>>> print(open('start-v3.cif').read())   # mmCIF, C-alpha atoms
data_protein
#
loop_
_atom_site.group_PDB
_atom_site.id
_atom_site.type_symbol
_atom_site.label_atom_id
_atom_site.label_comp_id
_atom_site.auth_asym_id
_atom_site.auth_seq_id
_atom_site.Cartn_x
_atom_site.Cartn_y
_atom_site.Cartn_z
ATOM 1 C CA MET T 48 -87.377 -227.451 146.895
ATOM 2 C CA SER T 49 -85.104 -224.408 146.739
ATOM 3 C CA ALA T 50 -81.418 -225.029 147.374
ATOM 4 C CA THR T 51 -81.268 -222.717 150.361
ATOM 5 C CA ILE T 52 -83.435 -222.467 153.459
ATOM 6 C CA GLY T 53 -82.589 -219.212 155.142
ATOM 7 C CA ALA T 54 -79.007 -218.773 153.931
ATOM 8 C CA ALA T 55 -78.177 -216.394 156.750
ATOM 9 C CA LEU T 56 -79.440 -218.837 159.385
ATOM 10 C CA LYS T 57 -77.336 -221.642 157.964
ATOM 11 C CA LYS T 58 -74.216 -219.500 157.898
ATOM 12 C CA VAL T 59 -74.759 -218.592 161.545
ATOM 13 C CA ALA T 60 -75.395 -222.256 162.334
ATOM 14 C CA VAL T 61 -72.142 -223.476 160.846
ATOM 15 C CA ALA T 62 -70.111 -220.709 162.465
ATOM 16 C CA LEU T 63 -71.532 -221.523 165.888
ATOM 17 C CA LEU T 64 -71.223 -225.261 165.401
ATOM 18 C CA LEU T 65 -67.543 -225.039 164.521
ATOM 19 C CA ASP T 66 -66.690 -222.766 167.455
ATOM 20 C CA LYS T 67 -66.251 -225.255 170.293
ATOM 21 C CA LYS T 68 -66.105 -222.411 172.807
ATOM 22 C CA ASN T 69 -69.850 -222.024 172.273
ATOM 23 C CA TRP T 70 -70.779 -225.646 172.852
ATOM 24 C CA GLU T 71 -71.559 -225.209 176.531
ATOM 25 C CA LYS T 72 -74.536 -223.077 175.517
ATOM 26 C CA ILE T 73 -77.820 -225.007 175.444
ATOM 27 C CA ALA T 74 -79.008 -223.319 172.273
ATOM 28 C CA CYS T 75 -75.722 -224.062 170.536
ATOM 29 C CA LEU T 76 -76.016 -227.727 171.457
ATOM 30 C CA LEU T 77 -79.496 -227.765 169.950
ATOM 31 C CA LEU T 78 -78.017 -226.137 166.894
ATOM 32 C CA ALA T 79 -75.244 -228.718 166.663
ATOM 33 C CA VAL T 80 -77.808 -231.524 166.786
ATOM 34 C CA PHE T 81 -79.835 -229.840 164.044
ATOM 35 C CA MET T 82 -76.805 -229.450 161.807
ATOM 36 C CA ILE T 83 -75.650 -233.043 162.344
ATOM 37 C CA VAL T 84 -79.116 -234.376 161.488
ATOM 38 C CA PHE T 85 -79.661 -232.270 158.388
ATOM 39 C CA PHE T 86 -76.113 -231.842 157.111
ATOM 40 C CA PRO T 87 -74.117 -235.103 157.171
ATOM 41 C CA ALA T 88 -70.470 -235.182 158.156
ATOM 42 C CA VAL T 89 -69.374 -235.598 154.558
ATOM 43 C CA ALA T 90 -71.131 -232.376 153.583
ATOM 44 C CA LEU T 91 -69.738 -230.473 156.547
ATOM 45 C CA ALA T 92 -66.241 -231.744 155.780
ATOM 46 C CA ALA T 93 -66.615 -230.565 152.207
ATOM 47 C CA VAL T 94 -67.765 -227.068 153.045
ATOM 48 C CA THR T 95 -65.743 -226.342 156.165
ATOM 49 C CA SER T 96 -62.467 -226.726 154.308
ATOM 50 C CA MET T 97 -63.329 -223.441 152.617
ATOM 51 C CA GLU T 98 -61.790 -220.317 154.150
ATOM 52 C CA ASP T 99 -65.100 -218.475 154.156
ATOM 53 C CA VAL T 100 -68.153 -220.682 154.483
ATOM 54 C CA ASP T 101 -70.838 -218.947 152.435
ATOM 55 C CA PHE T 102 -74.103 -220.843 152.266
ATOM 56 C CA THR T 103 -75.406 -218.444 149.646
ATOM 57 C CA SER T 104 -72.933 -219.798 147.085
ATOM 58 C CA PRO T 105 -74.172 -222.405 144.562
ATOM 59 C CA GLU T 106 -71.026 -224.484 145.142
ATOM 60 C CA VAL T 107 -71.700 -224.957 148.849
ATOM 61 C CA GLN T 108 -75.429 -225.492 148.334
ATOM 62 C CA THR T 109 -74.751 -228.179 145.729
ATOM 63 C CA LYS T 110 -72.310 -230.054 147.974
ATOM 64 C CA VAL T 111 -74.794 -230.056 150.831
ATOM 65 C CA ILE T 112 -77.905 -230.941 148.831
ATOM 66 C CA LEU T 113 -76.227 -233.775 146.903
ATOM 67 C CA SER T 114 -75.168 -235.436 150.149
ATOM 68 C CA LEU T 115 -78.698 -235.593 151.582
ATOM 69 C CA THR T 116 -80.854 -238.711 151.705
ATOM 70 C CA GLU T 117 -84.493 -238.655 150.593
ATOM 71 C CA GLU T 118 -85.572 -238.626 154.231
ATOM 72 C CA GLN T 119 -83.366 -235.620 154.959
ATOM 73 C CA ILE T 120 -84.695 -233.825 151.892
ATOM 74 C CA ASP T 121 -88.234 -234.444 153.166
ATOM 75 C CA GLU T 122 -87.244 -232.955 156.525
ATOM 76 C CA LEU T 123 -85.717 -229.921 154.851
ATOM 77 C CA THR T 124 -88.844 -229.493 152.753
ATOM 78 C CA LEU T 125 -90.847 -229.407 155.985
ATOM 79 C CA VAL T 126 -88.459 -226.759 157.313
ATOM 80 C CA GLU T 127 -88.882 -224.643 154.205
ATOM 81 C CA ASP T 128 -92.676 -224.973 154.222
ATOM 82 C CA THR T 129 -92.833 -224.101 157.911
ATOM 83 C CA VAL T 130 -90.646 -221.024 157.441
ATOM 84 C CA LYS T 131 -92.924 -219.843 154.623
ATOM 85 C CA ALA T 132 -95.965 -220.369 156.857
ATOM 86 C CA LEU T 133 -94.276 -218.378 159.635
ATOM 87 C CA HIS T 134 -93.681 -215.487 157.240
ATOM 88 C CA THR T 135 -97.373 -215.495 156.353
ATOM 89 C CA ALA T 136 -98.544 -215.751 159.963
ATOM 90 C CA MET T 137 -96.224 -212.908 161.032
ATOM 91 C CA SER T 138 -96.847 -210.585 158.099
ATOM 92 C CA GLY T 139 -97.647 -207.717 160.462
ATOM 93 C CA ARG T 140 -94.487 -208.140 162.529
ATOM 94 C CA THR T 141 -91.090 -206.479 162.150
ATOM 95 C CA PRO T 142 -88.285 -208.094 160.128
ATOM 96 C CA GLU T 143 -86.383 -208.702 163.376
ATOM 97 C CA GLN T 144 -89.344 -210.574 164.876
ATOM 98 C CA ILE T 145 -89.744 -212.708 161.761
ATOM 99 C CA LYS T 146 -86.063 -213.606 161.927
ATOM 100 C CA ALA T 147 -86.463 -214.436 165.629
ATOM 101 C CA ALA T 148 -89.346 -216.789 164.835
ATOM 102 C CA GLU T 149 -87.204 -218.576 162.247
ATOM 103 C CA VAL T 150 -84.351 -218.954 164.724
ATOM 104 C CA LEU T 151 -86.618 -220.291 167.460
ATOM 105 C CA TYR T 152 -88.227 -222.791 165.123
ATOM 106 C CA VAL T 153 -85.013 -224.074 163.557
ATOM 107 C CA LEU T 154 -82.872 -224.165 166.683
ATOM 108 C CA ALA T 155 -85.268 -225.136 169.442
ATOM 109 C CA LEU T 156 -88.794 -226.001 168.330
ATOM 110 C CA SER T 157 -88.454 -228.157 165.210
ATOM 111 C CA GLU T 158 -89.754 -231.231 167.065
ATOM 112 C CA TYR T 159 -93.093 -229.450 167.536
ATOM 113 C CA ALA T 160 -93.482 -228.461 163.880
ATOM 114 C CA LYS T 161 -95.725 -231.395 162.957
ATOM 115 C CA GLU T 162 -98.180 -230.643 165.747
ATOM 116 C CA PRO T 163 -101.461 -228.992 164.670
ATOM 117 C CA GLY T 164 -101.394 -225.231 165.121
ATOM 118 C CA PHE T 165 -97.625 -225.002 165.608
ATOM 119 C CA VAL T 166 -97.142 -221.937 163.419
ATOM 120 C CA ALA T 167 -100.035 -220.026 164.983
ATOM 121 C CA LYS T 168 -98.826 -220.910 168.479
ATOM 122 C CA LEU T 169 -95.300 -219.665 167.786
ATOM 123 C CA ALA T 170 -96.513 -216.505 166.055
ATOM 124 C CA GLY T 171 -98.785 -215.857 169.030
ATOM 125 C CA CYS T 172 -95.767 -215.619 171.332
ATOM 126 C CA PHE T 173 -94.734 -212.301 169.779
ATOM 127 C CA ALA T 174 -95.922 -208.875 170.900
ATOM 128 C CA ASP T 175 -95.024 -205.252 170.242
ATOM 129 C CA ASP T 176 -92.088 -203.725 172.168
ATOM 130 C CA GLN T 177 -91.145 -207.115 173.587
ATOM 131 C CA THR T 178 -87.783 -207.897 175.175
ATOM 132 C CA ASP T 179 -85.965 -211.160 174.464
ATOM 133 C CA GLU T 180 -86.659 -212.246 178.036
ATOM 134 C CA GLN T 181 -90.389 -211.647 177.615
ATOM 135 C CA LEU T 182 -90.462 -213.470 174.283
ATOM 136 C CA ILE T 183 -88.654 -216.536 175.615
ATOM 137 C CA ALA T 184 -90.971 -216.601 178.643
ATOM 138 C CA GLU T 185 -93.941 -216.747 176.250
ATOM 139 C CA VAL T 186 -92.293 -219.495 174.187
ATOM 140 C CA ASN T 187 -91.459 -221.570 177.261
ATOM 141 C CA ALA T 188 -95.037 -221.228 178.517
ATOM 142 C CA ALA T 189 -96.527 -222.153 175.138
ATOM 143 C CA PHE T 190 -94.325 -225.158 174.381
ATOM 144 C CA GLY T 191 -93.207 -226.335 177.816
ATOM 145 C CA THR T 192 -89.569 -225.668 176.971
ATOM 146 C CA ASN T 193 -86.825 -224.256 179.163
ATOM 147 C CA LEU T 194 -84.977 -221.984 176.758
ATOM 148 C CA ASP T 195 -82.479 -219.472 178.100
ATOM 149 C CA PRO T 196 -83.139 -215.865 176.991
ATOM 150 C CA GLU T 197 -79.423 -215.039 177.201
ATOM 151 C CA ASP T 198 -78.564 -217.835 174.775
ATOM 152 C CA PHE T 199 -81.307 -216.668 172.435
ATOM 153 C CA SER T 200 -80.049 -213.069 172.552
ATOM 154 C CA ALA T 201 -76.498 -214.220 171.824
ATOM 155 C CA ILE T 202 -77.612 -216.123 168.732
ATOM 156 C CA MET T 203 -79.803 -213.279 167.484
ATOM 157 C CA ASN T 204 -76.957 -210.816 167.891
ATOM 158 C CA TYR T 205 -74.366 -213.073 166.241
ATOM 159 C CA ALA T 206 -75.434 -212.380 162.665
ATOM 160 C CA ASN T 207 -75.324 -208.632 163.242
ATOM 161 C CA HIS T 208 -71.914 -208.569 164.908
ATOM 162 C CA GLN T 209 -69.888 -208.532 161.709
ATOM 163 C CA LEU T 210 -71.061 -205.064 160.687
ATOM 164 C CA VAL T 211 -70.597 -203.757 164.225
ATOM 165 C CA GLU T 212 -67.097 -205.232 164.490
ATOM 166 C CA VAL T 213 -66.038 -203.616 161.219
ATOM 167 C CA ALA T 214 -67.401 -200.271 162.407
ATOM 168 C CA LYS T 215 -65.617 -200.616 165.764
ATOM 169 C CA SER T 216 -62.324 -201.231 163.980
ATOM 170 C CA GLN T 217 -62.592 -197.758 162.433
ATOM 171 C CA LEU T 218 -63.082 -195.803 165.655
ATOM 172 C CA GLY T 219 -60.715 -192.859 165.789
ATOM 173 C CA ASN T 220 -60.476 -192.253 162.053
ATOM 174 C CA VAL T 221 -60.483 -188.533 161.326
ATOM 175 C CA GLY T 222 -61.519 -186.995 158.027
ATOM 176 C CA GLY T 223 -63.135 -190.065 156.487
ATOM 177 C CA GLU T 224 -60.779 -190.279 153.499
ATOM 178 C CA PRO T 225 -60.882 -194.117 153.271
ATOM 179 C CA TYR T 226 -64.662 -194.032 152.986
ATOM 180 C CA TRP T 227 -65.407 -191.119 150.651
ATOM 181 C CA SER T 228 -62.490 -192.041 148.373
ATOM 182 C CA TRP T 229 -63.708 -195.668 148.240
ATOM 183 C CA TYR T 230 -67.113 -194.346 147.215
ATOM 184 C CA GLY T 231 -65.517 -192.514 144.313
ATOM 185 C CA TYR T 232 -65.264 -188.922 145.493
ATOM 186 C CA GLY T 233 -62.097 -186.999 144.682
ATOM 187 C CA GLY T 234 -62.335 -184.804 147.754
ATOM 188 C CA ARG T 235 -63.974 -184.635 151.149
ATOM 189 C CA VAL T 236 -67.770 -184.784 151.328
ATOM 190 C CA GLU T 237 -70.162 -185.238 154.236
ATOM 191 C CA TRP T 238 -69.207 -188.853 154.730
ATOM 192 C CA CYS T 239 -71.482 -190.496 157.316
ATOM 193 C CA ALA T 240 -73.354 -192.532 154.671
ATOM 194 C CA CYS T 241 -70.113 -193.370 152.859
ATOM 195 C CA PHE T 242 -68.845 -194.804 156.148
ATOM 196 C CA VAL T 243 -71.911 -197.018 156.630
ATOM 197 C CA SER T 244 -71.673 -198.163 153.005
ATOM 198 C CA TRP T 245 -67.952 -198.902 153.339
ATOM 199 C CA CYS T 246 -68.558 -201.020 156.456
ATOM 200 C CA ALA T 247 -71.346 -202.889 154.662
ATOM 201 C CA ASP T 248 -69.060 -203.529 151.703
ATOM 202 C CA GLN T 249 -66.382 -205.019 153.971
ATOM 203 C CA CYS T 250 -69.002 -207.559 155.094
ATOM 204 C CA GLY T 251 -70.125 -208.361 151.551
ATOM 205 C CA TYR T 252 -73.557 -206.908 152.298
ATOM 206 C CA ILE T 253 -73.730 -204.592 149.286
ATOM 207 C CA ASP T 254 -73.058 -207.366 146.763
ATOM 208 C CA ARG T 255 -75.666 -209.539 148.507
ATOM 209 C CA GLY T 256 -78.296 -206.796 148.511
ATOM 210 C CA ILE T 257 -78.473 -206.618 152.307
ATOM 211 C CA ILE T 258 -77.486 -202.946 152.622
ATOM 212 C CA PRO T 259 -77.367 -200.460 149.733
ATOM 213 C CA LYS T 260 -74.391 -198.396 148.646
ATOM 214 C CA PHE T 261 -75.512 -194.856 149.398
ATOM 215 C CA ALA T 262 -73.883 -191.480 149.934
ATOM 216 C CA GLY T 263 -77.072 -189.564 150.747
ATOM 217 C CA CYS T 264 -78.993 -190.408 153.907
ATOM 218 C CA GLY T 265 -82.354 -190.008 152.179
ATOM 219 C CA THR T 266 -81.407 -192.649 149.623
ATOM 220 C CA GLY T 267 -80.748 -195.118 152.431
ATOM 221 C CA VAL T 268 -84.067 -194.332 154.111
ATOM 222 C CA ASP T 269 -85.970 -194.832 150.850
ATOM 223 C CA TRP T 270 -84.208 -198.155 150.173
ATOM 224 C CA PHE T 271 -85.131 -199.680 153.536
ATOM 225 C CA LYS T 272 -88.683 -198.323 153.467
ATOM 226 C CA ALA T 273 -89.287 -199.697 149.968
ATOM 227 C CA ARG T 274 -88.424 -203.191 151.230
ATOM 228 C CA GLY T 275 -90.477 -203.056 154.407
ATOM 229 C CA GLN T 276 -87.289 -203.037 156.486
ATOM 230 C CA TRP T 277 -87.944 -199.872 158.451
ATOM 231 C CA LEU T 278 -88.640 -199.095 162.111
ATOM 232 C CA ASP T 279 -89.706 -195.653 163.258
ATOM 233 C CA GLY T 280 -87.656 -193.676 165.736
ATOM 234 C CA SER T 281 -89.700 -194.739 168.764
ATOM 235 C CA ALA T 282 -88.719 -198.406 168.335
ATOM 236 C CA THR T 283 -85.992 -200.314 170.156
ATOM 237 C CA PRO T 284 -83.379 -201.326 167.560
ATOM 238 C CA ALA T 285 -81.009 -204.284 167.388
ATOM 239 C CA PRO T 286 -77.220 -204.322 166.952
ATOM 240 C CA GLY T 287 -76.349 -203.869 163.293
ATOM 241 C CA ASN T 288 -79.439 -201.802 162.499
ATOM 242 C CA ILE T 289 -78.793 -198.607 160.548
ATOM 243 C CA ILE T 290 -79.844 -195.531 162.523
ATOM 244 C CA PHE T 291 -81.009 -192.405 160.682
ATOM 245 C CA PHE T 292 -81.263 -188.980 162.311
ATOM 246 C CA ASP T 293 -83.275 -185.834 161.580
ATOM 247 C CA TRP T 294 -81.486 -182.870 163.140
ATOM 248 C CA PRO T 295 -83.559 -179.799 164.073
ATOM 249 C CA ASP T 296 -82.725 -176.603 162.215
ATOM 250 C CA ASP T 297 -81.737 -173.329 163.870
ATOM 251 C CA TYR T 298 -85.377 -172.790 164.814
ATOM 252 C CA GLY T 299 -85.799 -176.266 166.302
ATOM 253 C CA VAL T 300 -87.884 -177.490 163.362
ATOM 254 C CA MET T 301 -87.587 -181.078 162.093
ATOM 255 C CA ASP T 302 -88.241 -181.455 158.367
ATOM 256 C CA GLY T 303 -88.741 -185.242 158.351
ATOM 257 C CA ASN T 304 -85.664 -185.860 156.213
ATOM 258 C CA SER T 305 -82.548 -187.690 157.330
ATOM 259 C CA ASP T 306 -79.450 -185.581 157.955
ATOM 260 C CA HIS T 307 -77.105 -188.184 159.426
ATOM 261 C CA VAL T 308 -76.678 -191.962 159.659
ATOM 262 C CA GLY T 309 -74.756 -194.464 161.765
ATOM 263 C CA ILE T 310 -74.681 -198.079 162.942
ATOM 264 C CA VAL T 311 -76.325 -199.378 166.124
ATOM 265 C CA GLU T 312 -73.725 -201.054 168.328
ATOM 266 C CA LYS T 313 -75.986 -202.095 171.209
ATOM 267 C CA VAL T 314 -78.962 -201.111 173.344
ATOM 268 C CA GLU T 315 -78.477 -201.022 177.102
ATOM 269 C CA GLY T 316 -80.213 -199.303 179.972
ATOM 270 C CA GLY T 317 -82.704 -197.554 177.739
ATOM 271 C CA ARG T 318 -80.006 -196.033 175.532
ATOM 272 C CA VAL T 319 -79.006 -196.710 171.935
ATOM 273 C CA TYR T 320 -75.231 -196.868 171.497
ATOM 274 C CA THR T 321 -73.968 -196.092 168.011
ATOM 275 C CA ILE T 322 -70.842 -195.913 165.899
ATOM 276 C CA GLU T 323 -71.011 -192.995 163.498
ATOM 277 C CA GLY T 324 -68.778 -191.677 160.763
ATOM 278 C CA ASN T 325 -68.478 -187.919 160.289
ATOM 279 C CA SER T 326 -69.408 -187.263 163.896
ATOM 280 C CA GLY T 327 -67.266 -184.203 164.465
ATOM 281 C CA ASP T 328 -65.416 -185.291 161.289
ATOM 282 C CA ALA T 329 -64.389 -188.550 162.983
ATOM 283 C CA CYS T 330 -65.576 -192.099 163.631
ATOM 284 C CA GLN T 331 -66.988 -191.933 167.132
ATOM 285 C CA ARG T 332 -69.235 -193.707 169.590
ATOM 286 C CA ASN T 333 -72.365 -191.855 170.651
ATOM 287 C CA SER T 334 -75.480 -192.726 172.623
ATOM 288 C CA TYR T 335 -79.080 -191.521 172.734
ATOM 289 C CA PRO T 336 -82.160 -192.382 174.782
ATOM 290 C CA VAL T 337 -84.352 -194.968 173.068
ATOM 291 C CA GLY T 338 -87.016 -193.013 171.197
ATOM 292 C CA ASN T 339 -85.009 -189.773 171.171
ATOM 293 C CA TYR T 340 -86.778 -187.122 169.104
ATOM 294 C CA GLN T 341 -83.779 -186.763 166.767
ATOM 295 C CA ILE T 342 -83.929 -190.421 165.695
ATOM 296 C CA LEU T 343 -85.890 -190.565 162.450
ATOM 297 C CA GLY T 344 -85.872 -194.363 162.290
ATOM 298 C CA TYR T 345 -83.899 -197.505 161.594
ATOM 299 C CA GLY T 346 -83.097 -199.610 158.571
ATOM 300 C CA THR T 347 -83.214 -203.285 159.533
ATOM 301 C CA PRO T 348 -80.939 -205.350 157.268
ATOM 302 C CA MET T 349 -82.215 -208.870 156.580
ATOM 303 C CA LEU T 350 -79.165 -211.139 156.801
#
>>> encode(input="start-v3.cif", output="structure tokens")
Amino acid sequence: MSATIGAALKKVAVALLLDKKNWEKIACLLLAVFMIVFFPAVALAAVTSMEDVDFTSPEVQTKVILSLTEEQIDELTLVEDTVKALHTAMSGRTPEQIKAAEVLYVLALSEYAKEPGFVAKLAGCFADDQTDEQLIAEVNAAFGTNLDPEDFSAIMNYANHQLVEVAKSQLGNVGGEPYWSWYGYGGRVEWCACFVSWCADQCGYIDRGIIPKFAGCGTGVDWFKARGQWLDGSATPAPGNIIFFDWPDDYGVMDGNSDHVGIVEKVEGGRVYTIEGNSGDACQRNSYPVGNYQILGYGTPML
């Protein structure tokens, strides 16, 4: 068995578990139960004394794994096998949908995992262009559960908030010097991609291979496409997605190449709200209709 089962999920789990303000949420209570069952108090005590709980680190993984009983290891093996089966069953779905299936299984549906056809039933709940409310309605109908779509949305958004929060902290910067100088340039350049890369670096995402370090928008597009982490411009993105634009030239012609990049803050009322560096030479909020013709597509980081 590998030492980690969805490192990003476990990091989210611990963060939510330790934040008592979240305990009134049904999904967070389910999460707390899951963590208590699979990660004994001694393991949690060992890892939560660290300033930054990082379940991708060998040190934390070792402390957790060594504290498990054989029965708990068997349960974790089932989790890992089920997650692999979900990936296979959802091979045609987006990275965000695959992550959603993992979250639903681990946090709310693990008791059904041993039932015949569980993976196919869960995968069958997903559809194209589906809202969280529609997805949870399908899950509740399929499994007889009573999950709250708002709780599910909150958990799904949690992992993406770090990048958004870093970007928000930079609103108002003019000139982009912290970002292009960090990248290594000795003078001002077109710095929208440097800004996205800088924000990713503050989250540790570059070192972990979640978002690339890129100064050219086309390089970022190619990186996400090569990994199957790309949505076209007609899609509805999620917070923390990387939005790439293709501006029309003076004749209104789009060349299919990315000219600008930013970070998706949220989607509300049919509009995509973004935080962009080098927007009028500043860090600014902007918004666009979902599916706007200038949106080339989205990189979807896998946390």
>>> residues_around(input="start-v3.cif", residues="range 163-167 of chain T", least_positions_apart="6", cutoff="12 Å", atoms="only C-alpha atoms", output="list in words")
Val126, Asp128, Thr129, Val130, Lys131, Ala132, Leu133, His134, Thr135, Ala136, Met137, Ile145, Ala148, Glu149, Leu151, Tyr152, Leu156, Ser157, Phe173, Val186, Ala189 and Phe190 of chain T
>>> write_last_selection(input="start-v3.cif", atoms="C-alpha atoms", output="PDB file, keeping the file's coordinate frame")
ATOM      1  CA  VAL T 126     -88.459-226.759 157.313  1.00  0.00           C
ATOM      2  CA  ASP T 128     -92.676-224.973 154.222  1.00  0.00           C
ATOM      3  CA  THR T 129     -92.833-224.101 157.911  1.00  0.00           C
ATOM      4  CA  VAL T 130     -90.646-221.024 157.441  1.00  0.00           C
ATOM      5  CA  LYS T 131     -92.924-219.843 154.623  1.00  0.00           C
ATOM      6  CA  ALA T 132     -95.965-220.369 156.857  1.00  0.00           C
ATOM      7  CA  LEU T 133     -94.276-218.378 159.635  1.00  0.00           C
ATOM      8  CA  HIS T 134     -93.681-215.487 157.240  1.00  0.00           C
ATOM      9  CA  THR T 135     -97.373-215.495 156.353  1.00  0.00           C
ATOM     10  CA  ALA T 136     -98.544-215.751 159.963  1.00  0.00           C
ATOM     11  CA  MET T 137     -96.224-212.908 161.032  1.00  0.00           C
ATOM     12  CA  ILE T 145     -89.744-212.708 161.761  1.00  0.00           C
ATOM     13  CA  ALA T 148     -89.346-216.789 164.835  1.00  0.00           C
ATOM     14  CA  GLU T 149     -87.204-218.576 162.247  1.00  0.00           C
ATOM     15  CA  LEU T 151     -86.618-220.291 167.460  1.00  0.00           C
ATOM     16  CA  TYR T 152     -88.227-222.791 165.123  1.00  0.00           C
ATOM     17  CA  LEU T 156     -88.794-226.001 168.330  1.00  0.00           C
ATOM     18  CA  SER T 157     -88.454-228.157 165.210  1.00  0.00           C
ATOM     19  CA  PHE T 173     -94.734-212.301 169.779  1.00  0.00           C
ATOM     20  CA  VAL T 186     -92.293-219.495 174.187  1.00  0.00           C
ATOM     21  CA  ALA T 189     -96.527-222.153 175.138  1.00  0.00           C
ATOM     22  CA  PHE T 190     -94.325-225.158 174.381  1.00  0.00           C
TER      23      PHE T 190
END
>>> atom_distance(input="start-v3.cif", atom1="CA of Arg274 in chain T", atom2="CA of Ser244 in chain T")
17.6 Å
>>> closest_atom_pairs(input="start-v3.cif", of="range 159-266 of chain T", to="range 295-310 of chain T", cutoff="7 Å", atoms="all atoms listed in the file", output="Markdown table")
| residue | atom | partner | partner_atom | distance |
| --- | --- | --- | --- | --- |
| T:Cys239 | CA | T:Val308 | CA | 5.9 |
| T:Ala240 | CA | T:Val308 | CA | 6.0 |
| T:Val243 | CA | T:Gly309 | CA | 6.4 |
| T:Cys264 | CA | T:Ser305 | CA | 5.6 |
| T:Gly265 | CA | T:Ser305 | CA | 5.7 |
>>> closest_residue(input="start-v3.cif", among="T:Gly139, T:Gly219, T:Pro284, T:Gly263", to="Thr321 in chain T", atoms="all atoms listed in the file")
T:Pro284
>>> closest_residue(input="start-v3.cif", among="T:Thr178, T:Asp121, T:Phe261, T:Asp279", to="Trp227 in chain T", atoms="all atoms listed in the file")
T:Phe261
>>> atom_distance(input="start-v3.cif", atom1="CA of Tyr340 in chain T", atom2="CA of Gly280 in chain T")
7.4 Å
>>> resolve_selection(input="start-v3.cif", expression="the PyMOL selection byres ((chain T and resi 327) around 12)", output="compact mmCIF listing (two decimals) with C-alpha atoms, in the frame of the given file")
# COMPACT_ATOMS: atom_id res chain seq x y z
CA GLY T 219 -60.72 -192.86 165.79
CA ASN T 220 -60.48 -192.25 162.05
CA VAL T 221 -60.48 -188.53 161.33
CA GLY T 222 -61.52 -187.00 158.03
CA GLY T 223 -63.14 -190.06 156.49
CA GLU T 237 -70.16 -185.24 154.24
CA TRP T 238 -69.21 -188.85 154.73
CA CYS T 239 -71.48 -190.50 157.32
CA HIS T 307 -77.10 -188.18 159.43
CA GLU T 323 -71.01 -193.00 163.50
CA GLY T 324 -68.78 -191.68 160.76
CA ASN T 325 -68.48 -187.92 160.29
CA SER T 326 -69.41 -187.26 163.90
CA ASP T 328 -65.42 -185.29 161.29
CA ALA T 329 -64.39 -188.55 162.98
CA CYS T 330 -65.58 -192.10 163.63
CA GLN T 331 -66.99 -191.93 167.13
CA ARG T 332 -69.24 -193.71 169.59
CA ASN T 333 -72.36 -191.86 170.65
